[in-house]
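Content type compact mmCIF, C-alpha atoms and all ligand atoms, from the file final.txt:
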# COMPACT_ATOMS: atom_id res chain seq x y z
CA MET U 1 82.00 95.42 107.09
CA THR U 2 82.23 96.32 103.42
CA ALA U 3 83.73 99.73 102.79
CA ARG U 4 82.02 102.53 100.91
CA ILE U 5 84.04 103.16 97.75
CA ILE U 6 84.92 106.81 97.37
CA ASP U 7 84.43 108.03 93.80
CA GLY U 8 87.45 110.23 93.09
CA THR U 9 86.51 110.52 89.42
CA ARG U 10 83.21 112.20 90.38
CA ILE U 11 84.89 114.51 92.93
CA GLY U 12 87.60 115.47 90.42
CA LYS U 13 84.92 116.34 87.86
CA GLU U 14 83.02 118.39 90.43
CA ILE U 15 86.14 120.44 91.21
CA ARG U 16 86.96 120.95 87.53
CA GLU U 17 83.43 122.26 86.95
CA GLU U 18 83.88 124.72 89.83
CA VAL U 19 87.20 125.85 88.35
CA ARG U 20 85.57 126.33 84.94
CA ILE U 21 83.00 128.71 86.47
CA GLU U 22 85.72 130.56 88.40
CA VAL U 23 87.77 130.99 85.21
CA GLN U 24 84.73 132.41 83.42
CA GLU U 25 84.24 134.93 86.24
CA LEU U 26 87.91 135.92 86.16
CA LYS U 27 87.76 136.36 82.40
CA ARG U 28 84.85 138.76 82.83
CA GLN U 29 87.21 140.78 85.07
CA GLY U 30 89.81 140.71 82.31
CA VAL U 31 92.00 138.01 83.89
CA GLN U 32 92.90 134.78 82.11
CA PRO U 33 94.80 132.32 84.30
CA GLY U 34 97.73 130.71 82.48
CA LEU U 35 99.79 127.57 83.09
CA ALA U 36 103.16 126.64 81.58
CA ALA U 37 104.11 122.97 81.66
CA LEU U 38 107.78 122.14 81.21
CA LEU U 39 108.73 118.70 80.01
CA VAL U 40 112.38 117.72 79.76
CA GLY U 41 113.20 114.56 77.80
CA ASP U 42 110.95 111.85 76.42
CA ASN U 43 109.72 109.83 79.40
CA PRO U 44 106.45 108.32 78.01
CA ALA U 45 104.56 108.52 81.34
CA SER U 46 105.58 112.19 81.77
CA GLN U 47 104.44 112.94 78.20
CA VAL U 48 101.00 111.51 79.02
CA TYR U 49 100.77 113.48 82.30
CA VAL U 50 101.71 116.76 80.60
CA ARG U 51 99.32 116.13 77.70
CA ASN U 52 96.46 115.50 80.17
CA LYS U 53 97.27 118.68 82.09
CA ILE U 54 97.32 120.79 78.92
CA ARG U 55 94.08 119.22 77.69
CA THR U 56 92.38 119.91 81.03
CA CYS U 57 93.52 123.56 80.86
CA GLU U 58 91.98 123.83 77.39
CA ASN U 59 88.70 122.31 78.62
CA LEU U 60 88.47 124.75 81.51
CA GLY U 61 89.43 127.90 79.60
CA ILE U 62 92.86 128.24 81.23
CA TYR U 63 95.58 129.51 78.89
CA SER U 64 98.30 126.87 78.61
CA ARG U 65 101.72 126.54 77.10
CA GLU U 66 103.67 123.31 76.76
CA LEU U 67 107.45 123.67 76.61
CA ARG U 68 109.41 120.62 75.55
CA LEU U 69 113.14 120.52 76.10
CA ALA U 70 115.60 117.89 74.87
CA SER U 71 116.69 115.12 77.24
CA ASP U 72 120.27 116.50 77.28
CA THR U 73 119.13 119.95 78.49
CA THR U 74 121.47 121.38 81.13
CA THR U 75 120.47 122.81 84.51
CA GLN U 76 121.49 126.27 83.27
CA GLU U 77 119.32 126.01 80.15
CA LEU U 78 116.32 124.96 82.21
CA LEU U 79 116.98 127.77 84.71
CA THR U 80 117.01 130.28 81.85
CA THR U 81 113.63 128.98 80.60
CA ILE U 82 112.14 129.17 84.11
CA GLU U 83 113.44 132.71 84.65
CA ALA U 84 111.70 133.80 81.43
CA LEU U 85 108.44 132.18 82.61
CA ASN U 86 108.80 133.86 86.02
CA ARG U 87 108.72 137.23 84.19
CA ASP U 88 106.00 136.24 81.70
CA GLU U 89 102.78 138.16 82.42
CA ALA U 90 100.60 135.55 80.67
CA ILE U 91 101.77 132.79 83.01
CA ASP U 92 100.43 132.34 86.55
CA GLY U 93 101.56 128.78 87.17
CA ILE U 94 104.77 126.97 86.25
CA LEU U 95 104.79 123.22 86.38
CA VAL U 96 108.05 121.33 85.97
CA GLN U 97 107.17 117.71 85.23
CA LEU U 98 109.15 115.36 87.47
CA PRO U 99 111.26 113.27 87.37
CA LEU U 100 113.92 115.35 85.61
CA PRO U 101 116.82 113.73 83.73
CA ARG U 102 119.75 112.82 85.99
CA GLN U 103 122.10 115.62 84.89
CA ILE U 104 119.68 118.28 86.11
CA ASP U 105 119.99 119.71 89.62
CA GLU U 106 116.36 119.20 90.71
CA PRO U 107 116.50 121.18 94.00
CA ALA U 108 118.01 124.16 92.09
CA ILE U 109 115.14 123.98 89.58
CA LEU U 110 112.43 123.82 92.25
CA LEU U 111 114.07 126.80 93.95
CA ALA U 112 114.12 128.81 90.72
CA VAL U 113 110.34 128.78 90.16
CA THR U 114 109.05 131.96 91.76
CA PRO U 115 106.94 130.93 94.83
CA GLN U 116 103.96 132.94 93.48
CA LYS U 117 103.85 130.70 90.37
CA ASP U 118 104.78 127.44 92.12
CA VAL U 119 101.51 125.59 91.47
CA ASP U 120 103.09 122.29 92.54
CA GLY U 121 103.76 123.76 96.00
CA LEU U 122 107.30 122.37 96.06
CA HIS U 123 109.30 125.59 96.54
CA PRO U 124 110.92 125.73 100.00
CA ILE U 125 109.02 128.98 100.74
CA ASN U 126 105.68 127.33 100.03
CA ALA U 127 106.70 124.16 101.90
CA GLY U 128 107.81 126.38 104.81
CA ASN U 129 104.57 128.36 104.81
CA LEU U 130 102.62 125.11 104.89
CA ALA U 131 104.68 123.91 107.86
CA LEU U 132 104.04 127.25 109.61
CA GLY U 133 100.30 126.94 108.97
CA ARG U 134 100.22 129.98 106.65
CA LYS U 135 98.26 130.28 103.43
CA SER U 136 100.35 128.99 100.51
CA LEU U 137 100.24 127.02 97.30
CA THR U 138 100.29 123.38 98.41
CA PRO U 139 101.20 120.16 96.56
CA CYS U 140 98.32 118.93 94.41
CA THR U 141 98.05 115.26 95.43
CA PRO U 142 97.96 115.65 99.24
CA THR U 143 95.72 118.72 98.86
CA GLY U 144 93.41 116.52 96.78
CA VAL U 145 93.31 113.97 99.60
CA VAL U 146 92.09 116.63 102.06
CA GLU U 147 89.54 117.77 99.48
CA ILE U 148 88.24 114.18 99.19
CA LEU U 149 87.89 113.88 102.96
CA ARG U 150 86.13 117.26 103.16
CA ARG U 151 83.68 116.48 100.36
CA GLU U 152 82.98 113.01 101.74
CA LYS U 153 82.22 114.70 105.10
CA ILE U 154 84.84 112.65 106.90
CA SER U 155 85.58 114.56 110.06
CA LEU U 156 89.23 115.40 110.60
CA GLU U 157 89.15 117.55 113.72
CA GLY U 158 90.45 115.51 116.63
CA SER U 159 90.77 112.37 114.48
CA HIS U 160 93.96 110.35 114.44
CA ALA U 161 95.44 110.38 110.93
CA VAL U 162 98.37 108.09 110.16
CA VAL U 163 100.36 108.88 107.00
CA VAL U 164 102.64 106.14 105.68
CA GLY U 165 105.36 107.83 103.60
CA ARG U 166 107.42 110.96 104.25
CA SER U 167 108.34 112.19 100.77
CA ASN U 168 108.48 115.93 100.09
CA LEU U 169 105.92 115.40 97.31
CA VAL U 170 103.25 113.52 99.26
CA GLY U 171 103.88 112.26 102.81
CA LYS U 172 105.26 115.39 104.52
CA PRO U 173 102.85 117.93 102.97
CA GLN U 174 100.02 115.45 103.61
CA ALA U 175 100.86 115.40 107.30
CA PHE U 176 100.97 119.22 107.54
CA LEU U 177 97.70 119.59 105.62
CA LEU U 178 95.96 117.14 107.96
CA LEU U 179 97.44 118.97 110.94
CA GLN U 180 96.00 122.23 109.56
CA GLU U 181 92.62 120.49 109.63
CA HIS U 182 93.19 119.75 113.33
CA ALA U 183 93.82 116.02 113.00
CA THR U 184 96.32 114.37 115.32
CA VAL U 185 98.97 113.18 112.89
CA THR U 186 101.48 110.34 112.96
CA ILE U 187 104.01 110.02 110.12
CA CYS U 188 105.42 106.56 109.37
CA HIS U 189 108.23 105.50 107.06
CA SER U 190 110.49 102.59 106.23
CA ARG U 191 112.18 102.66 109.65
CA THR U 192 108.95 102.77 111.69
CA ARG U 193 108.80 99.92 114.19
CA HIS U 194 105.60 97.86 114.55
CA LEU U 195 104.07 99.52 111.49
CA PRO U 196 100.83 97.46 111.39
CA GLN U 197 100.21 98.26 115.05
CA VAL U 198 100.81 102.02 114.54
CA CYS U 199 98.54 102.02 111.48
CA ARG U 200 95.81 100.25 113.43
CA GLU U 201 95.63 103.35 115.67
CA ALA U 202 94.38 105.40 112.72
CA ASP U 203 90.89 106.75 112.17
CA ILE U 204 92.19 107.85 108.78
CA LEU U 205 95.04 105.95 107.14
CA VAL U 206 96.83 107.51 104.15
CA ALA U 207 99.16 105.22 102.21
CA ALA U 208 101.83 106.93 100.05
CA ILE U 209 104.53 104.30 99.88
CA GLY U 210 105.02 103.14 96.29
CA LYS U 211 104.68 99.42 97.15
CA PRO U 212 101.76 97.62 95.49
CA GLY U 213 99.22 96.12 97.88
CA PHE U 214 101.46 96.73 100.92
CA ILE U 215 98.66 97.76 103.28
CA THR U 216 96.45 94.78 104.16
CA ALA U 217 93.59 94.34 106.64
CA GLU U 218 96.19 93.68 109.34
CA PHE U 219 97.07 97.41 109.22
CA VAL U 220 93.50 98.69 109.48
CA ARG U 221 91.27 99.19 112.49
CA PRO U 222 87.69 98.09 111.63
CA GLY U 223 85.75 101.18 110.55
CA ALA U 224 88.79 103.29 109.61
CA VAL U 225 88.90 105.40 106.43
CA VAL U 226 91.68 104.35 104.03
CA ILE U 227 93.08 106.67 101.38
CA ASP U 228 95.35 105.05 98.82
CA VAL U 229 97.73 107.52 97.13
CA GLY U 230 99.88 104.84 95.51
CA ILE U 231 99.94 104.27 91.77
CA ASN U 232 101.85 101.17 90.72
CA LYS U 233 101.89 99.61 87.28
CA ILE U 234 102.11 95.82 87.38
CA ALA U 235 102.97 93.85 84.27
CA GLY U 236 104.76 90.70 83.15
CA GLU U 237 105.68 88.03 85.67
CA SER U 238 104.42 89.94 88.70
CA LEU U 239 100.89 90.11 87.31
CA SER U 240 99.64 86.66 88.32
CA GLY U 241 100.92 87.05 91.91
CA ALA U 242 99.23 90.44 92.19
CA LEU U 243 95.92 89.03 90.93
CA GLU U 244 96.12 86.22 93.45
CA ALA U 245 96.91 88.56 96.33
CA ASP U 246 94.17 91.03 95.36
CA PRO U 247 91.32 89.45 93.36
CA SER U 248 89.69 92.88 92.94
CA LEU U 249 92.32 93.52 90.24
CA ARG U 250 90.89 90.78 87.98
CA ALA U 251 88.12 92.88 86.46
CA GLN U 252 90.59 95.63 85.55
CA CYS U 253 93.00 93.08 84.14
CA GLU U 254 90.30 91.62 81.88
CA LYS U 255 89.18 95.06 80.73
CA ASN U 256 92.79 96.07 79.99
CA ARG U 257 93.47 92.83 78.11
CA ALA U 258 90.43 93.47 75.92
CA GLU U 259 92.10 96.80 75.06
CA ASN U 260 95.45 95.06 74.41
CA LYS U 261 96.99 96.52 77.56
CA ASP U 262 98.99 93.91 79.45
CA TYR U 263 99.18 95.59 82.84
CA VAL U 264 97.10 96.64 85.82
CA LEU U 265 97.30 99.77 87.95
CA THR U 266 97.17 99.20 91.66
CA GLY U 267 97.65 101.27 94.77
CA ASP U 268 99.65 100.71 97.94
CA VAL U 269 96.60 99.11 99.53
CA ASN U 270 95.37 95.58 98.97
CA PHE U 271 91.85 96.61 98.06
CA SER U 272 90.16 93.20 98.51
CA SER U 273 91.62 92.70 101.95
CA VAL U 274 91.14 96.27 103.27
CA ALA U 275 87.67 96.93 101.82
CA ALA U 276 86.40 94.14 104.08
CA VAL U 277 87.33 96.06 107.27
CA ALA U 278 87.46 99.79 106.41
CA SER U 279 84.37 102.03 106.49
CA ALA U 280 85.44 103.92 103.33
CA ILE U 281 88.26 103.48 100.83
CA THR U 282 89.59 105.13 97.68
CA PRO U 283 90.11 102.74 94.74
CA VAL U 284 93.01 102.75 92.28
CA PRO U 285 92.42 103.88 89.61
CA GLY U 286 89.59 106.36 90.17
CA GLY U 287 90.41 107.49 93.72
CA VAL U 288 93.09 110.06 94.53
CA GLY U 289 94.50 110.14 90.97
CA PRO U 290 91.80 112.34 89.36
CA LEU U 291 92.20 114.89 92.15
CA THR U 292 95.80 115.70 91.26
CA ILE U 293 95.01 117.43 87.96
CA ALA U 294 91.87 119.04 89.42
CA MET U 295 93.93 120.57 92.25
CA LEU U 296 96.58 121.75 89.79
CA MET U 297 93.88 123.67 87.94
CA LYS U 298 92.59 125.07 91.25
CA ASN U 299 96.11 126.11 92.25
CA THR U 300 96.59 127.86 88.89
CA VAL U 301 93.45 129.92 89.46
CA GLN U 302 94.54 130.65 93.04
CA ALA U 303 97.96 131.75 91.78
CA ALA U 304 96.28 134.05 89.23
CA ARG U 305 94.20 135.62 91.99
CA LEU U 306 97.10 135.96 94.43
CA ARG U 307 99.34 137.54 91.78
CA ARG U 308 96.68 140.18 91.18
CA ARG U 309 95.89 140.44 94.89
CA ASN U 310 92.36 139.19 94.28
CA PRO U 311 92.15 136.25 96.74
P1 LIG I 401 108.63 108.06 97.47
O1 LIG I 401 109.29 109.37 97.30
O2 LIG I 401 109.29 106.83 96.96
O3 LIG I 401 108.36 107.87 99.03
C1 LIG I 401 107.87 106.67 99.54
C2 LIG I 401 107.77 106.75 101.05
O4 LIG I 401 107.28 105.50 101.52
C3 LIG I 401 109.11 107.02 101.74
O5 LIG I 401 108.95 107.99 102.74
C4 LIG I 401 109.47 105.66 102.33
O6 LIG I 401 110.14 105.73 103.57
C5 LIG I 401 108.11 105.03 102.58
N1 LIG I 401 108.22 103.59 102.56
C6 LIG I 401 108.81 102.81 101.61
N2 LIG I 401 108.78 101.52 101.98
C7 LIG I 401 108.16 101.48 103.18
C8 LIG I 401 107.84 100.43 104.08
N3 LIG I 401 108.16 99.16 103.81
N4 LIG I 401 107.24 100.75 105.24
C9 LIG I 401 106.92 102.03 105.51
N5 LIG I 401 107.20 103.07 104.70
C10 LIG I 401 107.81 102.78 103.55
O7 LIG I 401 107.16 108.06 96.84
P2 LIG I 401 106.11 109.28 96.68
O8 LIG I 401 106.54 110.20 95.60
O9 LIG I 401 105.77 109.83 98.01
O10 LIG I 401 104.86 108.45 96.13
C11 LIG I 401 104.23 107.45 96.89
C12 LIG I 401 103.22 106.73 96.03
O11 LIG I 401 102.23 107.66 95.61
C13 LIG I 401 103.77 106.12 94.74
O12 LIG I 401 103.06 104.93 94.45
C14 LIG I 401 103.46 107.16 93.68
O13 LIG I 401 103.32 106.61 92.40
C15 LIG I 401 102.14 107.67 94.20
N6 LIG I 401 101.80 109.03 93.76
C16 LIG I 401 100.55 109.21 93.29
C17 LIG I 401 100.15 110.46 92.88
C18 LIG I 401 98.75 110.65 92.38
O14 LIG I 401 98.50 111.51 91.56
N7 LIG I 401 97.80 109.87 92.89
C19 LIG I 401 101.03 111.54 92.93
C20 LIG I 401 102.30 111.33 93.47
C21 LIG I 401 102.67 110.06 93.88
P3 LIG I 401 111.66 106.32 103.72
O15 LIG I 401 111.50 107.80 103.66
O16 LIG I 401 112.08 105.83 105.05
O17 LIG I 401 112.44 105.76 102.58
Translate this structure into structure tokens?
Amino acid sequence: MTARIIDGTRIGKEIREEVRIEVQELKRQGVQPGLAALLVGDNPASQVYVRNKIRTCENLGIYSRELRLASDTTTQELLTTIEALNRDEAIDGILVQLPLPRQIDEPAILLAVTPQKDVDGLHPINAGNLALGRKSLTPCTPTGVVEILRREKISLEGSHAVVVGRSNLVGKPQAFLLLQEHATVTICHSRTRHLPQVCREADILVAAIGKPGFITAEFVRPGAVVIDVGINKIAGESLSGALEADPSLRAQCEKNRAENKDYVLTGDVNFSSVAAVASAITPVPGGVGPLTIAMLMKNTVQAARLRRRNP
């Protein structure tokens, strides 16, 4: 079997177009959704993520504000900024770009964002509502995974979904979102015994581990759907080993080299190995990644509606 490759770039674009139309309609009603993105410090990857989010807002007609704070910002200073944004009528969504510098109390920051503006879905109230099966703002990446499955018409009801990873950002909310869609869900993690065997039980296997190429054909039942959430940058000495283990990375490597970029991006799934047995698979890049920003935009519009009781 050769898996169908799911085009996350196309799906992300489709969702952004839908959001653009929704924003136009809201504007006609006198509502302009607004997003504030908070960046603390000068982590280059975070700078790129925030820039992309702001640019996408601009493209879709969402008001946006980027707030940059110095890398030595204290928890109290960040809390003060968040409290002002909580009260700001122009702002519907507050995004705090993670990771935060070490000196900052991250749980205190996530708790400070008012749940109504928590477009990352990380506030304990939103996480709790998700666990209780109530309507809430939910984390963008796992919500994007469900959106992919829905748009690809992959049936979830009664299916066995196995999620590898139990982080608060991806694994846990992913499991609850799949449960809401009536899948039977198994959550695996670093202490799971007989992991390949458990994964082989899956109709839908979601990998959110942070280990390049970890999931191979051995973990996949023939015909299963495999969703790769992982994003790993491989450079330097590890590059040749990665290319040998997963020849599908070669084309990307050549393209990147031509652009003077000496790295490849890969997921948690060995694409070459798994695509030979799965029925459908998301690639990296171009799979789950593009959904994250699209769902952030969707959450911002949802937050704008909810705040004005216009769901
Ligand atoms: P994380 O917080 O590091 O969590 C990783 C999870 O994987 C943990 O629950 C860990 O188990 C589990 N794990 C680690 N090694 C394992 C092993 N050998 N066997 C089974 N489970 C193992 O990472 P995360 O934030 O959830 O992110 C996961 C991946 O998704 C990363 O590659 C990240 O870059 C990517 N990501 C992508 C997007 C996107 O936009 N596409 C967004 C967010 C994250 P324990 O809990 O037992 O330690």
Ligand LIG 401 (chain I) neighbours within 10 Å using all atoms listed in the file, as a ChimeraX atom specification: /U:49,98-99,139-142,144-145,163-174,187-196,207-212,214-215,228-233,266-268,284-293
Residues within 7 Å of (92.1, 112.2, 115.6), file coords, only C-alpha atoms, listed as number ranges by chain: U: 156-161, 183-184, 203
Best match for closeness to Gly61 in chain U among U:Glu22, U:Glu254, U:Glu244, U:Glu77, counting all atoms listed in the file: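 Nearest candidate to Gly61 in chain U out of U:Glu22, U:Glu254, U:Glu244, U:Glu77: U:Glu22.
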Within 12 Å of Leu296 in chain U using only C-alpha atoms, minus same-chain residues under 6 positions, as a ChimeraX atom specification: /U:12,15-16,19,34-37,49-50,52-54,56-57,60,62,92-95,117-121,137-144,289-290,302-303
Interatomic distance, CA of Gln29 in chain U to CA of Leu122 in chain U (Å, one decimal): 29.4 Å
Please determine an axis-aligned box that encloses all atoms of range 224-243 of chain U listed in the file, with 4 Å added on each side, and express its centre and edge lengths in Å to one decimal as JSON.
{"center_x": 97.2, "center_y": 97.1, "center_z": 96.4, "size_x": 24.9, "size_y": 28.9, "size_z": 34.5}
Using only C-alpha atoms: which of U:Ala90, U:Ala242, U:Val269, U:Leu249 has the shortest distance to Val226 in chain U: U:Val269
Contacts of Gln32 in chain U within 8 Å, all atoms listed in the file, excl. fewer than 4 positions in-chain, as a list of chain:residue names: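 Using all atoms listed in the file, the neighbours found are U:Val23, U:Leu26, U:Lys27, U:Ile62, U:Tyr63, U:Ala90, U:Ala304.
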Next, the residues of the selection above should be written as a short mmCIF file (atom, residue, chain, number, x, y, z; two decimals), in the coordinates of the input with C-alpha atoms.
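The new file part-v8.cif reads:
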data_model
loop_
_atom_site.label_atom_id
_atom_site.label_comp_id
_atom_site.auth_asym_id
_atom_site.auth_seq_id
_atom_site.Cartn_x
_atom_site.Cartn_y
_atom_site.Cartn_z
CA VAL U 23 87.77 130.99 85.21
CA LEU U 26 87.91 135.92 86.16
CA LYS U 27 87.76 136.36 82.40
CA ILE U 62 92.86 128.24 81.23
CA TYR U 63 95.58 129.51 78.89
CA ALA U 90 100.60 135.55 80.67
CA ALA U 304 96.28 134.05 89.23
#
Within 10 Å of Glu152 in chain U using all atoms listed in the file, minus same-chain residues under 5 positions, as a list of chain:residue names: U:Ile6, U:Asp7, U:Ile11, U:Val146, U:Glu147, U:Ala280
Include C-alpha atoms and write out the residues we just selected as a CSV table (one decimal), in the coordinates of the input.
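Writing the result to out-v2.csv gives the following:
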chain,number,residue,atom,x,y,z
U,6,ILE,CA,84.9,106.8,97.4
U,7,ASP,CA,84.4,108.0,93.8
U,11,ILE,CA,84.9,114.5,92.9
U,146,VAL,CA,92.1,116.6,102.1
U,147,GLU,CA,89.5,117.8,99.5
U,280,ALA,CA,85.4,103.9,103.3
Nearest to Leu243 in chain U by atom-to-atom distance, counting only C-alpha atoms, from U:Thr80, U:Ser272, U:Gln180, U:Gln116: U:Ser272
Minimum-distance residue to Leu205 in chain U, chosen among U:Thr73, U:Asn260, U:Ser279, U:Asn59 (using all atoms listed in the file): U:Ser279
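If you look at CA of Val225 in chain U and CA of Thr282 in chain U, they are 8.8 Å away from each other.
CA of Met297 in chain U is positioned 21.3 Å from CA of Leu111 in chain U.
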Nearest residue to Ile234 in chain U from the set U:Leu265, U:Ala294, U:Ile204, U:Leu69 (distances using only C-alpha atoms): U:Leu265
Nearest candidate to Ser136 in chain U (options U:Thr81, U:Glu106, U:Gln47, U:Leu177; using only C-alpha atoms): U:Leu177
Taking 6 positions as the minimum chain separation for residues in the same chain, which residues sit within 12 Å of Gln76 in chain U when counting all atoms listed in the file? Answer as a tab-separated table (two decimals) with C-alpha atoms, in the coordinates of the input.
chain	number	residue	atom	x	y	z
U	82	ILE	CA	112.14	129.17	84.11
U	83	GLU	CA	113.44	132.71	84.65
U	103	GLN	CA	122.10	115.62	84.89
U	104	ILE	CA	119.68	118.28	86.11
U	105	ASP	CA	119.99	119.71	89.62
U	106	GLU	CA	116.36	119.20	90.71
U	108	ALA	CA	118.01	124.16	92.09
U	109	ILE	CA	115.14	123.98	89.58
U	112	ALA	CA	114.12	128.81	90.72
How would range 110-127 of chain U look with N, CA, C and O atoms restored, written as a short mmCIF file (atom, residue, chain, number, x, y, z; two decimals), in the frame of the given file?
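Produced file result_8.cif, reproduced below:
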data_model
loop_
_atom_site.label_atom_id
_atom_site.label_comp_id
_atom_site.auth_asym_id
_atom_site.auth_seq_id
_atom_site.Cartn_x
_atom_site.Cartn_y
_atom_site.Cartn_z
N LEU U 110 113.62 123.54 91.43
CA LEU U 110 112.43 123.82 92.25
C LEU U 110 112.56 125.16 92.95
O LEU U 110 111.58 125.87 93.18
N LEU U 111 113.81 125.52 93.28
CA LEU U 111 114.07 126.80 93.95
C LEU U 111 113.92 127.98 92.99
O LEU U 111 113.64 129.11 93.40
N ALA U 112 114.11 127.71 91.70
CA ALA U 112 114.12 128.81 90.72
C ALA U 112 112.71 129.27 90.36
O ALA U 112 112.51 130.42 89.96
N VAL U 113 111.73 128.39 90.49
CA VAL U 113 110.34 128.78 90.16
C VAL U 113 109.90 129.79 91.22
O VAL U 113 109.97 129.50 92.42
N THR U 114 109.46 130.96 90.78
CA THR U 114 109.05 131.96 91.76
C THR U 114 107.91 131.40 92.62
O THR U 114 106.98 130.77 92.09
N PRO U 115 107.95 131.55 93.96
CA PRO U 115 106.94 130.93 94.83
C PRO U 115 105.51 131.30 94.43
O PRO U 115 104.60 130.49 94.57
N GLN U 116 105.31 132.50 93.87
CA GLN U 116 103.96 132.94 93.48
C GLN U 116 103.41 132.12 92.32
O GLN U 116 102.21 132.09 92.09
N LYS U 117 104.31 131.49 91.53
CA LYS U 117 103.85 130.70 90.37
C LYS U 117 104.06 129.20 90.59
O LYS U 117 103.88 128.40 89.67
N ASP U 118 104.42 128.83 91.81
CA ASP U 118 104.78 127.44 92.12
C ASP U 118 103.52 126.61 92.39
O ASP U 118 103.20 126.29 93.53
N VAL U 119 102.80 126.28 91.31
CA VAL U 119 101.51 125.59 91.47
C VAL U 119 101.64 124.14 91.92
O VAL U 119 100.65 123.50 92.25
N ASP U 120 102.87 123.62 91.98
CA ASP U 120 103.09 122.29 92.54
C ASP U 120 103.37 122.36 94.04
O ASP U 120 103.49 121.33 94.70
N GLY U 121 103.55 123.57 94.56
CA GLY U 121 103.76 123.76 96.00
C GLY U 121 105.05 123.14 96.51
O GLY U 121 105.13 122.75 97.67
N LEU U 122 106.07 123.07 95.65
CA LEU U 122 107.30 122.37 96.06
C LEU U 122 108.45 123.32 96.41
O LEU U 122 109.51 122.88 96.84
N HIS U 123 108.25 124.63 96.18
CA HIS U 123 109.30 125.59 96.54
C HIS U 123 109.46 125.63 98.06
O HIS U 123 108.46 125.57 98.78
N PRO U 124 110.72 125.72 98.55
CA PRO U 124 110.92 125.73 100.00
C PRO U 124 110.10 126.81 100.72
O PRO U 124 109.67 126.58 101.86
N ILE U 125 109.83 127.94 100.08
CA ILE U 125 109.02 128.98 100.74
C ILE U 125 107.59 128.48 100.92
O ILE U 125 106.99 128.65 101.98
N ASN U 126 107.04 127.85 99.90
CA ASN U 126 105.68 127.33 100.03
C ASN U 126 105.63 126.16 101.02
O ASN U 126 104.70 126.05 101.81
N ALA U 127 106.65 125.28 100.95
CA ALA U 127 106.70 124.16 101.90
C ALA U 127 106.82 124.70 103.32
O ALA U 127 106.17 124.19 104.25
#
